[in-house]
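Undergrad: Pasting in a structure now, in structure tokens, and then I'll have a few things to ask.
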Number of protein chains: 2
Amino acid sequence: MANKNSVAFVGLGVMGYPMAGHLSSAGFDVCVYNRTQAKAERWLAEYKGRSAATPAEAAGDADIVLLCVGNDDDVRSVVYGDTGVLAGIGKGAILVDHTTVSADLARTLAESCAERELDFLDAPVSGGQAGAENGQLTIMVGGEATVFDRAESVMDHYAKSIRLMGGAGCGQLTKMVNQICIAGVLQGLAEGLHFAERAGLDLAEVVAVISKGAAQSWQMENRSGTMAEGQFEFGFAVNWMRKDLDITLRAGRKLDARLPLTALVDQFYADVQSYGGGRWDTSSLIERLRR
Amino acid sequence: MANKNSVAFVGLGVMGYPMAGHLSSAGFDVCVYNRTQAKAERWLAEYKGRSAATPAEAAGDADIVLLCVGNDDDVRSVVYGDTGVLAGIGKGAILVDHTTVSADLARTLAESCAERELDFLDAPVSGGQAGAENGQLTIMVGGEATVFDRAESVMDHYAKSIRLMGGAGCGQLTKMVNQICIAGVLQGLAEGLHFAERAGLDLAEVVAVISKGAAQSWQMENRSGTMAEGQFEFGFAVNWMRKDLDITLRAGRKLDARLPLTALVDQFYADVQSYGGGRWDTSSLIERLRR
């Protein structure tokens, strides 16, 4: 992507909307598609670009087609079929999937692209809505190095760190490692703060002292305050985390990896959903202990 | 402690040995006691000071008596009885316990001291052997503010952070929160790295990318490399962690705090002990998943 050529962006959710916006602001010719047309119109009122009636049409004259939708089924529905990306995309283009999906789907997409002389990268992101808005996402990529080199300068407009982790599916597998680590950190932090509450300690004082040592974590520094206050109407939703843990646990089964804590925390999130907390931030695990 | 007066230090283990050393180097008149006399002699060969035949004798002319031994029973054995600290310590002195013990014992010690017109602080530390040697420990203190003010300038010689958390027992309770958080972080990290291994990912690359975001932790930054290499002959031993989790889980029961992950990780550490890993670092949880 030596020149700023034509880019298609499929999926204008809380992540895709600002990501596509960064590309427009950087001077790319951006054509967007969103299932709910009203959101595409809102995007066009804010940014310079075009919109298309189908993913196929959006992909029509794009050098790189970027997806950021919900789950495996959502990706399949915008990629395959008469109106899907693959029905419209030109030879030699790159399809990049920023959605967090199964590694199996990533490999299937890579094969589908290869059959059509297209290139593919699985490229799930972390950094949340704030990272997308500030252009400070971390991107974990699976695919060929030569393809990575061509796509990096485009993704660079909304990322602080982009890393090629291996072949097709390796971006998704790395994202799964990330979610496993977060599940452990958050449940430990929830139990620690819950214990501190029951013991009558001042949570802010406790965090001030233990965050200087071996118990420190990003979650402790960034979520303990809102956990103490019971604020969960923000951040990364429990429903999305359960989707990620579902693909992670299924991958673990295939890989013969043992994930007892991950499986347990997934069930704890099911409890939070049962209290109506599906849209709460993942740090709401502490709420479960308070009931 | 405006002047550098007489100090007794009971327990010259991997923590107490260098802690007592810092006080000697700072000019205090230090009298040490250790159950195994040979270690006291080794300390006297390295540092200026005196040694005593019993805890009572060591405490005899001390303004402040510091303990750093193994567990609740060890503390009771050096404090109570004919040769214990309380049999020798003078009125108005301060007893400081740096051992990680139950909050119940901390409160009992505070009462025993009050009956004798002595002051008491529970003051468990974190930072490990390296922190003790470098004088960079974190100290979580329970007790009276006026007593804390008198003892702080002494403890300052081996600490980077000293904080009063509340009344008697609150130092111990804060240390328990620390251990709960570490248990969660480490099991999540162990499962994440184990999954990454099974998936054929490069662990160093995975850590390089995910440690920039919401999965980051001190343990990830400082232990993932040795976990990947299977190096566990260092650090904070599983046997000690199980002792800490035992007092933590018993405190949780009394406080009606729910600690499902902490209880599970304690059992995982029992597995590690059954493989002969009782002296391995706590990060050895990953070894259990590899078997």
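Chain labels follow the order of the structure tokens: the first chain is A, the next B, and so on; residue numbering restarts at 1 in every chain, and ligands are counted from 1 in their shown order.
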If you count only C-alpha atoms, which residues fall within 8 Å of B:Ser224, apart from same-chain ones fewer than 3 positions away, as a ChimeraX atom specification?
TA: /B:189,193,207,219-221,227-228
Undergrad: All in-order C-alpha pairs, least squares, chain A moved onto chain B. Output the fitted coordinates as a PDB file with C-alpha atoms, in the first residue's frame, please.
TA:
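Result file selection-v9.pdb:
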ATOM      1  CA  MET A   1      13.148   6.180  67.453  1.00  0.00           C
ATOM      2  CA  ALA A   2      14.755   9.601  67.180  1.00  0.00           C
ATOM      3  CA  ASN A   3      18.122   8.112  68.177  1.00  0.00           C
ATOM      4  CA  LYS A   4      19.594   4.953  66.781  1.00  0.00           C
ATOM      5  CA  ASN A   5      18.944   2.790  69.777  1.00  0.00           C
ATOM      6  CA  SER A   6      19.039  -0.871  70.540  1.00  0.00           C
ATOM      7  CA  VAL A   7      17.225  -3.259  68.229  1.00  0.00           C
ATOM      8  CA  ALA A   8      16.606  -7.005  68.514  1.00  0.00           C
ATOM      9  CA  PHE A   9      16.042  -9.123  65.406  1.00  0.00           C
ATOM     10  CA  VAL A  10      14.605 -12.625  65.801  1.00  0.00           C
ATOM     11  CA  GLY A  11      14.808 -14.918  62.758  1.00  0.00           C
ATOM     12  CA  LEU A  12      17.698 -14.813  60.280  1.00  0.00           C
ATOM     13  CA  GLY A  13      16.102 -16.603  57.331  1.00  0.00           C
ATOM     14  CA  VAL A  14      16.415 -15.453  53.721  1.00  0.00           C
ATOM     15  CA  MET A  15      14.378 -12.355  54.642  1.00  0.00           C
ATOM     16  CA  GLY A  16      15.493 -11.602  58.216  1.00  0.00           C
ATOM     17  CA  TYR A  17      19.217 -12.043  57.571  1.00  0.00           C
ATOM     18  CA  PRO A  18      19.556  -9.115  55.154  1.00  0.00           C
ATOM     19  CA  MET A  19      16.911  -7.032  56.989  1.00  0.00           C
ATOM     20  CA  ALA A  20      18.893  -7.241  60.236  1.00  0.00           C
ATOM     21  CA  GLY A  21      22.009  -6.530  58.192  1.00  0.00           C
ATOM     22  CA  HIS A  22      20.562  -3.245  56.880  1.00  0.00           C
ATOM     23  CA  LEU A  23      19.920  -2.126  60.468  1.00  0.00           C
ATOM     24  CA  SER A  24      23.471  -2.977  61.498  1.00  0.00           C
ATOM     25  CA  SER A  25      24.868  -1.120  58.484  1.00  0.00           C
ATOM     26  CA  ALA A  26      22.697   1.882  59.395  1.00  0.00           C
ATOM     27  CA  GLY A  27      24.364   2.100  62.824  1.00  0.00           C
ATOM     28  CA  PHE A  28      21.796   0.439  65.098  1.00  0.00           C
ATOM     29  CA  ASP A  29      22.999  -1.672  68.017  1.00  0.00           C
ATOM     30  CA  VAL A  30      21.558  -4.973  66.751  1.00  0.00           C
ATOM     31  CA  CYS A  31      21.197  -8.130  68.840  1.00  0.00           C
ATOM     32  CA  VAL A  32      20.139 -11.157  66.784  1.00  0.00           C
ATOM     33  CA  TYR A  33      18.598 -14.486  67.693  1.00  0.00           C
ATOM     34  CA  ASN A  34      18.198 -17.469  65.408  1.00  0.00           C
ATOM     35  CA  ARG A  35      17.015 -20.976  66.297  1.00  0.00           C
ATOM     36  CA  THR A  36      19.985 -22.446  64.428  1.00  0.00           C
ATOM     37  CA  GLN A  37      22.914 -20.775  66.159  1.00  0.00           C
ATOM     38  CA  ALA A  38      25.315 -21.306  63.232  1.00  0.00           C
ATOM     39  CA  LYS A  39      23.354 -18.841  61.141  1.00  0.00           C
ATOM     40  CA  ALA A  40      23.613 -16.191  63.856  1.00  0.00           C
ATOM     41  CA  GLU A  41      27.385 -16.745  63.892  1.00  0.00           C
ATOM     42  CA  ARG A  42      27.531 -16.367  60.129  1.00  0.00           C
ATOM     43  CA  TRP A  43      25.567 -13.111  60.434  1.00  0.00           C
ATOM     44  CA  LEU A  44      27.995 -11.840  63.142  1.00  0.00           C
ATOM     45  CA  ALA A  45      30.927 -12.603  60.844  1.00  0.00           C
ATOM     46  CA  GLU A  46      29.346 -10.374  58.188  1.00  0.00           C
ATOM     47  CA  TYR A  47      27.796  -7.593  60.270  1.00  0.00           C
ATOM     48  CA  LYS A  48      28.558  -5.672  63.444  1.00  0.00           C
ATOM     49  CA  GLY A  49      26.280  -6.706  66.335  1.00  0.00           C
ATOM     50  CA  ARG A  50      25.626  -9.149  69.137  1.00  0.00           C
ATOM     51  CA  SER A  51      23.781 -12.437  69.384  1.00  0.00           C
ATOM     52  CA  ALA A  52      21.702 -13.913  72.179  1.00  0.00           C
ATOM     53  CA  ALA A  53      21.017 -17.478  73.336  1.00  0.00           C
ATOM     54  CA  THR A  54      17.237 -16.945  73.593  1.00  0.00           C
ATOM     55  CA  PRO A  55      14.621 -14.539  72.198  1.00  0.00           C
ATOM     56  CA  ALA A  56      14.107 -13.259  75.776  1.00  0.00           C
ATOM     57  CA  GLU A  57      17.776 -12.380  76.090  1.00  0.00           C
ATOM     58  CA  ALA A  58      17.857 -10.704  72.649  1.00  0.00           C
ATOM     59  CA  ALA A  59      14.859  -8.561  73.601  1.00  0.00           C
ATOM     60  CA  GLY A  60      16.342  -7.628  76.984  1.00  0.00           C
ATOM     61  CA  ASP A  61      17.590  -4.099  76.283  1.00  0.00           C
ATOM     62  CA  ALA A  62      15.914  -3.429  72.934  1.00  0.00           C
ATOM     63  CA  ASP A  63      13.690  -0.447  72.171  1.00  0.00           C
ATOM     64  CA  ILE A  64      12.206  -2.366  69.255  1.00  0.00           C
ATOM     65  CA  VAL A  65      12.043  -6.113  68.751  1.00  0.00           C
ATOM     66  CA  LEU A  66      11.552  -7.311  65.168  1.00  0.00           C
ATOM     67  CA  LEU A  67      10.442 -10.837  64.264  1.00  0.00           C
ATOM     68  CA  CYS A  68      10.674 -12.548  60.894  1.00  0.00           C
ATOM     69  CA  VAL A  69      10.156 -16.278  61.274  1.00  0.00           C
ATOM     70  CA  GLY A  70       8.058 -18.934  59.496  1.00  0.00           C
ATOM     71  CA  ASN A  71       4.455 -19.384  60.546  1.00  0.00           C
ATOM     72  CA  ASP A  72       1.977 -18.904  63.401  1.00  0.00           C
ATOM     73  CA  ASP A  73       3.562 -21.668  65.525  1.00  0.00           C
ATOM     74  CA  ASP A  74       7.058 -20.292  64.979  1.00  0.00           C
ATOM     75  CA  VAL A  75       5.931 -16.832  66.097  1.00  0.00           C
ATOM     76  CA  ARG A  76       4.236 -18.235  69.208  1.00  0.00           C
ATOM     77  CA  SER A  77       7.354 -20.238  70.089  1.00  0.00           C
ATOM     78  CA  VAL A  78       9.666 -17.198  69.979  1.00  0.00           C
ATOM     79  CA  VAL A  79       7.199 -14.826  71.710  1.00  0.00           C
ATOM     80  CA  TYR A  80       5.691 -16.870  74.543  1.00  0.00           C
ATOM     81  CA  GLY A  81       7.175 -19.121  77.279  1.00  0.00           C
ATOM     82  CA  ASP A  82      10.141 -18.752  79.621  1.00  0.00           C
ATOM     83  CA  THR A  83      12.642 -17.952  76.892  1.00  0.00           C
ATOM     84  CA  GLY A  84      10.291 -15.999  74.620  1.00  0.00           C
ATOM     85  CA  VAL A  85      10.469 -12.310  73.704  1.00  0.00           C
ATOM     86  CA  LEU A  86       7.748 -11.359  76.190  1.00  0.00           C
ATOM     87  CA  ALA A  87       9.781 -12.869  79.063  1.00  0.00           C
ATOM     88  CA  GLY A  88      12.634 -10.452  78.403  1.00  0.00           C
ATOM     89  CA  ILE A  89      11.304  -7.313  76.692  1.00  0.00           C
ATOM     90  CA  GLY A  90      11.219  -4.058  78.694  1.00  0.00           C
ATOM     91  CA  LYS A  91       8.147  -1.867  79.208  1.00  0.00           C
ATOM     92  CA  GLY A  92       7.508   0.745  76.521  1.00  0.00           C
ATOM     93  CA  ALA A  93       9.256  -1.252  73.808  1.00  0.00           C
ATOM     94  CA  ILE A  94       7.641  -2.104  70.467  1.00  0.00           C
ATOM     95  CA  LEU A  95       7.246  -5.634  69.140  1.00  0.00           C
ATOM     96  CA  VAL A  96       7.008  -5.759  65.326  1.00  0.00           C
ATOM     97  CA  ASP A  97       6.109  -9.018  63.589  1.00  0.00           C
ATOM     98  CA  HIS A  98       7.255  -9.164  59.963  1.00  0.00           C
ATOM     99  CA  THR A  99       6.116 -12.799  59.583  1.00  0.00           C
ATOM    100  CA  THR A 100       3.042 -13.467  57.424  1.00  0.00           C
ATOM    101  CA  VAL A 101       0.642 -15.035  59.949  1.00  0.00           C
ATOM    102  CA  SER A 102      -3.079 -15.131  60.688  1.00  0.00           C
ATOM    103  CA  ALA A 103      -4.876 -11.912  61.589  1.00  0.00           C
ATOM    104  CA  ASP A 104      -6.105 -13.742  64.704  1.00  0.00           C
ATOM    105  CA  LEU A 105      -2.551 -14.266  65.923  1.00  0.00           C
ATOM    106  CA  ALA A 106      -1.750 -10.627  65.168  1.00  0.00           C
ATOM    107  CA  ARG A 107      -4.672  -9.536  67.387  1.00  0.00           C
ATOM    108  CA  THR A 108      -3.648 -11.976  70.114  1.00  0.00           C
ATOM    109  CA  LEU A 109      -0.095 -10.620  70.056  1.00  0.00           C
ATOM    110  CA  ALA A 110      -1.444  -7.064  70.242  1.00  0.00           C
ATOM    111  CA  GLU A 111      -3.470  -8.023  73.327  1.00  0.00           C
ATOM    112  CA  SER A 112      -0.541  -9.810  74.966  1.00  0.00           C
ATOM    113  CA  CYS A 113       1.594  -6.724  74.400  1.00  0.00           C
ATOM    114  CA  ALA A 114      -1.067  -4.343  75.711  1.00  0.00           C
ATOM    115  CA  GLU A 115      -1.350  -6.379  78.946  1.00  0.00           C
ATOM    116  CA  ARG A 116       2.398  -5.822  79.488  1.00  0.00           C
ATOM    117  CA  GLU A 117       2.397  -2.090  78.549  1.00  0.00           C
ATOM    118  CA  LEU A 118       4.131  -2.861  75.273  1.00  0.00           C
ATOM    119  CA  ASP A 119       3.211  -1.780  71.773  1.00  0.00           C
ATOM    120  CA  PHE A 120       2.702  -4.111  68.829  1.00  0.00           C
ATOM    121  CA  LEU A 121       2.586  -3.851  65.042  1.00  0.00           C
ATOM    122  CA  ASP A 122       1.799  -6.624  62.570  1.00  0.00           C
ATOM    123  CA  ALA A 123       3.971  -5.806  59.564  1.00  0.00           C
ATOM    124  CA  PRO A 124       4.152  -8.529  56.902  1.00  0.00           C
ATOM    125  CA  VAL A 125       6.349  -7.728  53.923  1.00  0.00           C
ATOM    126  CA  SER A 126       6.350  -8.336  50.210  1.00  0.00           C
ATOM    127  CA  GLY A 127       9.184  -8.052  47.721  1.00  0.00           C
ATOM    128  CA  GLY A 128      10.873 -11.393  48.360  1.00  0.00           C
ATOM    129  CA  GLN A 129      14.517 -12.179  49.001  1.00  0.00           C
ATOM    130  CA  ALA A 130      15.670  -9.634  46.419  1.00  0.00           C
ATOM    131  CA  GLY A 131      13.570  -6.926  48.085  1.00  0.00           C
ATOM    132  CA  ALA A 132      15.032  -7.797  51.490  1.00  0.00           C
ATOM    133  CA  GLU A 133      18.597  -7.768  50.157  1.00  0.00           C
ATOM    134  CA  ASN A 134      18.161  -4.475  48.290  1.00  0.00           C
ATOM    135  CA  GLY A 135      16.253  -2.849  51.147  1.00  0.00           C
ATOM    136  CA  GLN A 136      13.250  -2.391  48.836  1.00  0.00           C
ATOM    137  CA  LEU A 137      10.489  -4.244  50.671  1.00  0.00           C
ATOM    138  CA  THR A 138       6.858  -3.185  50.840  1.00  0.00           C
ATOM    139  CA  ILE A 139       5.496  -3.336  54.397  1.00  0.00           C
ATOM    140  CA  MET A 140       1.778  -3.539  55.242  1.00  0.00           C
ATOM    141  CA  VAL A 141       1.216  -2.509  58.840  1.00  0.00           C
ATOM    142  CA  GLY A 142      -1.577  -2.976  61.381  1.00  0.00           C
ATOM    143  CA  GLY A 143      -1.612  -1.136  64.714  1.00  0.00           C
ATOM    144  CA  GLU A 144      -1.812   2.299  66.341  1.00  0.00           C
ATOM    145  CA  ALA A 145      -0.717   5.368  64.371  1.00  0.00           C
ATOM    146  CA  THR A 146       1.481   6.670  67.200  1.00  0.00           C
ATOM    147  CA  VAL A 147       3.325   3.352  67.374  1.00  0.00           C
ATOM    148  CA  PHE A 148       3.625   3.257  63.585  1.00  0.00           C
ATOM    149  CA  ASP A 149       5.250   6.696  63.655  1.00  0.00           C
ATOM    150  CA  ARG A 150       7.861   5.509  66.159  1.00  0.00           C
ATOM    151  CA  ALA A 151       8.720   2.324  64.249  1.00  0.00           C
ATOM    152  CA  GLU A 152       8.624   3.652  60.663  1.00  0.00           C
ATOM    153  CA  SER A 153      12.127   5.175  60.699  1.00  0.00           C
ATOM    154  CA  VAL A 154      13.588   1.801  61.724  1.00  0.00           C
ATOM    155  CA  MET A 155      11.714  -0.248  59.082  1.00  0.00           C
ATOM    156  CA  ASP A 156      12.600   2.420  56.528  1.00  0.00           C
ATOM    157  CA  HIS A 157      16.122   0.976  56.309  1.00  0.00           C
ATOM    158  CA  TYR A 158      14.861  -2.051  54.394  1.00  0.00           C
ATOM    159  CA  ALA A 159      11.655  -0.771  52.768  1.00  0.00           C
ATOM    160  CA  LYS A 160      10.666   1.293  49.751  1.00  0.00           C
ATOM    161  CA  SER A 161       7.054   1.622  50.926  1.00  0.00           C
ATOM    162  CA  ILE A 162       5.548   1.329  54.425  1.00  0.00           C
ATOM    163  CA  ARG A 163       1.831   1.869  54.949  1.00  0.00           C
ATOM    164  CA  LEU A 164      -0.444   1.773  57.986  1.00  0.00           C
ATOM    165  CA  MET A 165      -3.571  -0.118  56.915  1.00  0.00           C
ATOM    166  CA  GLY A 166      -5.639   0.020  60.125  1.00  0.00           C
ATOM    167  CA  GLY A 167      -5.689  -1.538  63.587  1.00  0.00           C
ATOM    168  CA  ALA A 168      -4.132  -4.800  64.743  1.00  0.00           C
ATOM    169  CA  GLY A 169      -4.370  -7.511  62.086  1.00  0.00           C
ATOM    170  CA  CYS A 170      -4.900  -5.111  59.157  1.00  0.00           C
ATOM    171  CA  GLY A 171      -1.342  -5.563  57.915  1.00  0.00           C
ATOM    172  CA  GLN A 172      -1.897  -9.305  57.754  1.00  0.00           C
ATOM    173  CA  LEU A 173      -5.288  -8.919  56.042  1.00  0.00           C
ATOM    174  CA  THR A 174      -3.732  -6.665  53.388  1.00  0.00           C
ATOM    175  CA  LYS A 175      -1.002  -9.231  52.745  1.00  0.00           C
ATOM    176  CA  MET A 176      -3.752 -11.828  52.249  1.00  0.00           C
ATOM    177  CA  VAL A 177      -5.390  -9.619  49.581  1.00  0.00           C
ATOM    178  CA  ASN A 178      -1.999  -9.475  47.868  1.00  0.00           C
ATOM    179  CA  GLN A 179      -1.700 -13.278  47.816  1.00  0.00           C
ATOM    180  CA  ILE A 180      -5.281 -13.728  46.527  1.00  0.00           C
ATOM    181  CA  CYS A 181      -4.559 -11.389  43.600  1.00  0.00           C
ATOM    182  CA  ILE A 182      -1.288 -13.193  42.829  1.00  0.00           C
ATOM    183  CA  ALA A 183      -3.036 -16.595  42.830  1.00  0.00           C
ATOM    184  CA  GLY A 184      -5.453 -15.400  40.140  1.00  0.00           C
ATOM    185  CA  VAL A 185      -2.829 -13.679  38.015  1.00  0.00           C
ATOM    186  CA  LEU A 186      -0.513 -16.708  38.072  1.00  0.00           C
ATOM    187  CA  GLN A 187      -3.125 -19.329  37.242  1.00  0.00           C
ATOM    188  CA  GLY A 188      -4.449 -17.187  34.367  1.00  0.00           C
ATOM    189  CA  LEU A 189      -0.908 -16.628  33.104  1.00  0.00           C
ATOM    190  CA  ALA A 190      -0.112 -20.347  33.418  1.00  0.00           C
ATOM    191  CA  GLU A 191      -3.205 -21.291  31.395  1.00  0.00           C
ATOM    192  CA  GLY A 192      -2.514 -18.590  28.816  1.00  0.00           C
ATOM    193  CA  LEU A 193       1.096 -19.653  28.237  1.00  0.00           C
ATOM    194  CA  HIS A 194       0.119 -23.340  28.263  1.00  0.00           C
ATOM    195  CA  PHE A 195      -2.542 -22.661  25.609  1.00  0.00           C
ATOM    196  CA  ALA A 196       0.020 -20.696  23.573  1.00  0.00           C
ATOM    197  CA  GLU A 197       2.476 -23.608  23.762  1.00  0.00           C
ATOM    198  CA  ARG A 198      -0.149 -26.077  22.613  1.00  0.00           C
ATOM    199  CA  ALA A 199      -1.084 -23.712  19.775  1.00  0.00           C
ATOM    200  CA  GLY A 200       2.538 -23.568  18.637  1.00  0.00           C
ATOM    201  CA  LEU A 201       2.897 -19.832  19.199  1.00  0.00           C
ATOM    202  CA  ASP A 202       6.204 -18.188  20.118  1.00  0.00           C
ATOM    203  CA  LEU A 203       5.722 -17.388  23.831  1.00  0.00           C
ATOM    204  CA  ALA A 204       8.107 -14.443  23.862  1.00  0.00           C
ATOM    205  CA  GLU A 205       6.280 -12.896  20.893  1.00  0.00           C
ATOM    206  CA  VAL A 206       2.909 -13.463  22.555  1.00  0.00           C
ATOM    207  CA  VAL A 207       4.055 -11.817  25.775  1.00  0.00           C
ATOM    208  CA  ALA A 208       5.611  -8.928  23.841  1.00  0.00           C
ATOM    209  CA  VAL A 209       2.251  -8.119  22.270  1.00  0.00           C
ATOM    210  CA  ILE A 210      -0.225  -8.827  25.100  1.00  0.00           C
ATOM    211  CA  SER A 211       1.858  -7.248  27.869  1.00  0.00           C
ATOM    212  CA  LYS A 212       1.132  -3.866  26.255  1.00  0.00           C
ATOM    213  CA  GLY A 213      -2.568  -4.055  27.144  1.00  0.00           C
ATOM    214  CA  ALA A 214      -5.286  -5.181  29.532  1.00  0.00           C
ATOM    215  CA  ALA A 215      -3.679  -8.594  30.185  1.00  0.00           C
ATOM    216  CA  GLN A 216      -0.471  -7.016  31.557  1.00  0.00           C
ATOM    217  CA  SER A 217       0.752  -7.946  35.025  1.00  0.00           C
ATOM    218  CA  TRP A 218       3.969  -7.866  37.067  1.00  0.00           C
ATOM    219  CA  GLN A 219       3.956 -11.654  36.904  1.00  0.00           C
ATOM    220  CA  MET A 220       3.677 -11.614  33.100  1.00  0.00           C
ATOM    221  CA  GLU A 221       6.596  -9.210  32.819  1.00  0.00           C
ATOM    222  CA  ASN A 222       8.775 -10.940  35.403  1.00  0.00           C
ATOM    223  CA  ARG A 223       7.856 -14.632  35.293  1.00  0.00           C
ATOM    224  CA  SER A 224       6.663 -15.558  31.778  1.00  0.00           C
ATOM    225  CA  GLY A 225      10.234 -16.093  30.549  1.00  0.00           C
ATOM    226  CA  THR A 226      11.151 -18.535  33.322  1.00  0.00           C
ATOM    227  CA  MET A 227       7.729 -20.204  33.015  1.00  0.00           C
ATOM    228  CA  ALA A 228       8.372 -20.765  29.301  1.00  0.00           C
ATOM    229  CA  GLU A 229      11.773 -22.283  30.125  1.00  0.00           C
ATOM    230  CA  GLY A 230      10.458 -24.391  33.027  1.00  0.00           C
ATOM    231  CA  GLN A 231      12.828 -22.710  35.520  1.00  0.00           C
ATOM    232  CA  PHE A 232      11.391 -22.766  39.028  1.00  0.00           C
ATOM    233  CA  GLU A 233      14.413 -23.144  41.317  1.00  0.00           C
ATOM    234  CA  PHE A 234      14.155 -19.611  42.730  1.00  0.00           C
ATOM    235  CA  GLY A 235      11.661 -17.085  44.057  1.00  0.00           C
ATOM    236  CA  PHE A 236       8.743 -17.583  46.447  1.00  0.00           C
ATOM    237  CA  ALA A 237       8.237 -21.258  47.276  1.00  0.00           C
ATOM    238  CA  VAL A 238       4.982 -23.125  46.757  1.00  0.00           C
ATOM    239  CA  ASN A 239       5.217 -24.399  50.359  1.00  0.00           C
ATOM    240  CA  TRP A 240       5.175 -20.808  51.653  1.00  0.00           C
ATOM    241  CA  MET A 241       2.362 -19.838  49.321  1.00  0.00           C
ATOM    242  CA  ARG A 242       0.255 -22.749  50.618  1.00  0.00           C
ATOM    243  CA  LYS A 243       0.886 -21.563  54.178  1.00  0.00           C
ATOM    244  CA  ASP A 244      -0.298 -18.059  53.181  1.00  0.00           C
ATOM    245  CA  LEU A 245      -3.337 -19.410  51.313  1.00  0.00           C
ATOM    246  CA  ASP A 246      -4.218 -21.559  54.339  1.00  0.00           C
ATOM    247  CA  ILE A 247      -4.459 -18.530  56.641  1.00  0.00           C
ATOM    248  CA  THR A 248      -6.198 -16.593  53.853  1.00  0.00           C
ATOM    249  CA  LEU A 249      -8.863 -19.231  53.253  1.00  0.00           C
ATOM    250  CA  ARG A 250      -9.474 -19.597  57.004  1.00  0.00           C
ATOM    251  CA  ALA A 251      -9.818 -15.817  57.312  1.00  0.00           C
ATOM    252  CA  GLY A 252     -12.196 -15.838  54.348  1.00  0.00           C
ATOM    253  CA  ARG A 253     -14.371 -18.410  56.089  1.00  0.00           C
ATOM    254  CA  LYS A 254     -14.606 -16.228  59.191  1.00  0.00           C
ATOM    255  CA  LEU A 255     -15.281 -13.091  57.158  1.00  0.00           C
ATOM    256  CA  ASP A 256     -17.909 -14.833  55.004  1.00  0.00           C
ATOM    257  CA  ALA A 257     -15.882 -13.938  51.907  1.00  0.00           C
ATOM    258  CA  ARG A 258     -16.229 -16.124  48.807  1.00  0.00           C
ATOM    259  CA  LEU A 259     -12.883 -17.206  47.356  1.00  0.00           C
ATOM    260  CA  PRO A 260     -13.552 -19.954  44.788  1.00  0.00           C
ATOM    261  CA  LEU A 261     -10.484 -19.291  42.642  1.00  0.00           C
ATOM    262  CA  THR A 262      -8.193 -18.927  45.642  1.00  0.00           C
ATOM    263  CA  ALA A 263      -9.381 -22.269  47.004  1.00  0.00           C
ATOM    264  CA  LEU A 264      -8.891 -23.909  43.609  1.00  0.00           C
ATOM    265  CA  VAL A 265      -5.383 -22.529  43.107  1.00  0.00           C
ATOM    266  CA  ASP A 266      -4.479 -23.702  46.620  1.00  0.00           C
ATOM    267  CA  GLN A 267      -5.424 -27.219  45.520  1.00  0.00           C
ATOM    268  CA  PHE A 268      -3.406 -26.801  42.312  1.00  0.00           C
ATOM    269  CA  TYR A 269      -0.390 -25.946  44.483  1.00  0.00           C
ATOM    270  CA  ALA A 270      -1.048 -29.171  46.388  1.00  0.00           C
ATOM    271  CA  ASP A 271      -0.645 -30.956  43.033  1.00  0.00           C
ATOM    272  CA  VAL A 272       2.683 -29.186  42.489  1.00  0.00           C
ATOM    273  CA  GLN A 273       3.804 -30.300  45.962  1.00  0.00           C
ATOM    274  CA  SER A 274       2.851 -33.874  45.065  1.00  0.00           C
ATOM    275  CA  TYR A 275       5.298 -33.690  42.107  1.00  0.00           C
ATOM    276  CA  GLY A 276       8.064 -32.665  44.530  1.00  0.00           C
ATOM    277  CA  GLY A 277       7.693 -28.962  43.670  1.00  0.00           C
ATOM    278  CA  GLY A 278       7.188 -27.599  47.189  1.00  0.00           C
ATOM    279  CA  ARG A 279      10.315 -25.452  46.924  1.00  0.00           C
ATOM    280  CA  TRP A 280       9.635 -24.279  43.371  1.00  0.00           C
ATOM    281  CA  ASP A 281       8.579 -20.689  42.692  1.00  0.00           C
ATOM    282  CA  THR A 282       4.822 -20.030  42.696  1.00  0.00           C
ATOM    283  CA  SER A 283       4.934 -19.598  38.900  1.00  0.00           C
ATOM    284  CA  SER A 284       5.325 -23.409  38.655  1.00  0.00           C
ATOM    285  CA  LEU A 285       1.528 -23.681  38.272  1.00  0.00           C
ATOM    286  CA  ILE A 286       2.211 -24.042  34.535  1.00  0.00           C
ATOM    287  CA  GLU A 287       4.183 -27.246  35.175  1.00  0.00           C
ATOM    288  CA  ARG A 288       0.986 -28.856  36.482  1.00  0.00           C
ATOM    289  CA  LEU A 289      -0.772 -28.168  33.158  1.00  0.00           C
ATOM    290  CA  ARG A 290       2.074 -29.691  31.155  1.00  0.00           C
ATOM    291  CA  ARG A 291       1.777 -33.123  32.844  1.00  0.00           C
TER     292      ARG A 291
END
Undergrad: Run DSSP on the backbone and grab whatever in stretch 52-179 of chain B lands in strand (DSSP E); send it over as a list in words.
TA: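 So, restricting stretch 52-179 of chain B to strand (DSSP E), we get Ile64, Val65, Leu66, Leu67, Ile94, Leu95, Val96, Asp97, Asp119, Phe120, Leu121, Asp122, Val125, Ser126, Leu137, Thr138, Ile139, Met140, Val141, Gly142, Ala159, Lys160, Ser161, Ile162, Arg163, Leu164, Met165 and Gly166 of chain B.
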Undergrad: Where does DSSP see alpha helix (DSSP H) in stretch 116-190 of chain B, if you list the residues as an MDAnalysis selection string?
TA: chainID B and resid 128:134 145:155 170:190
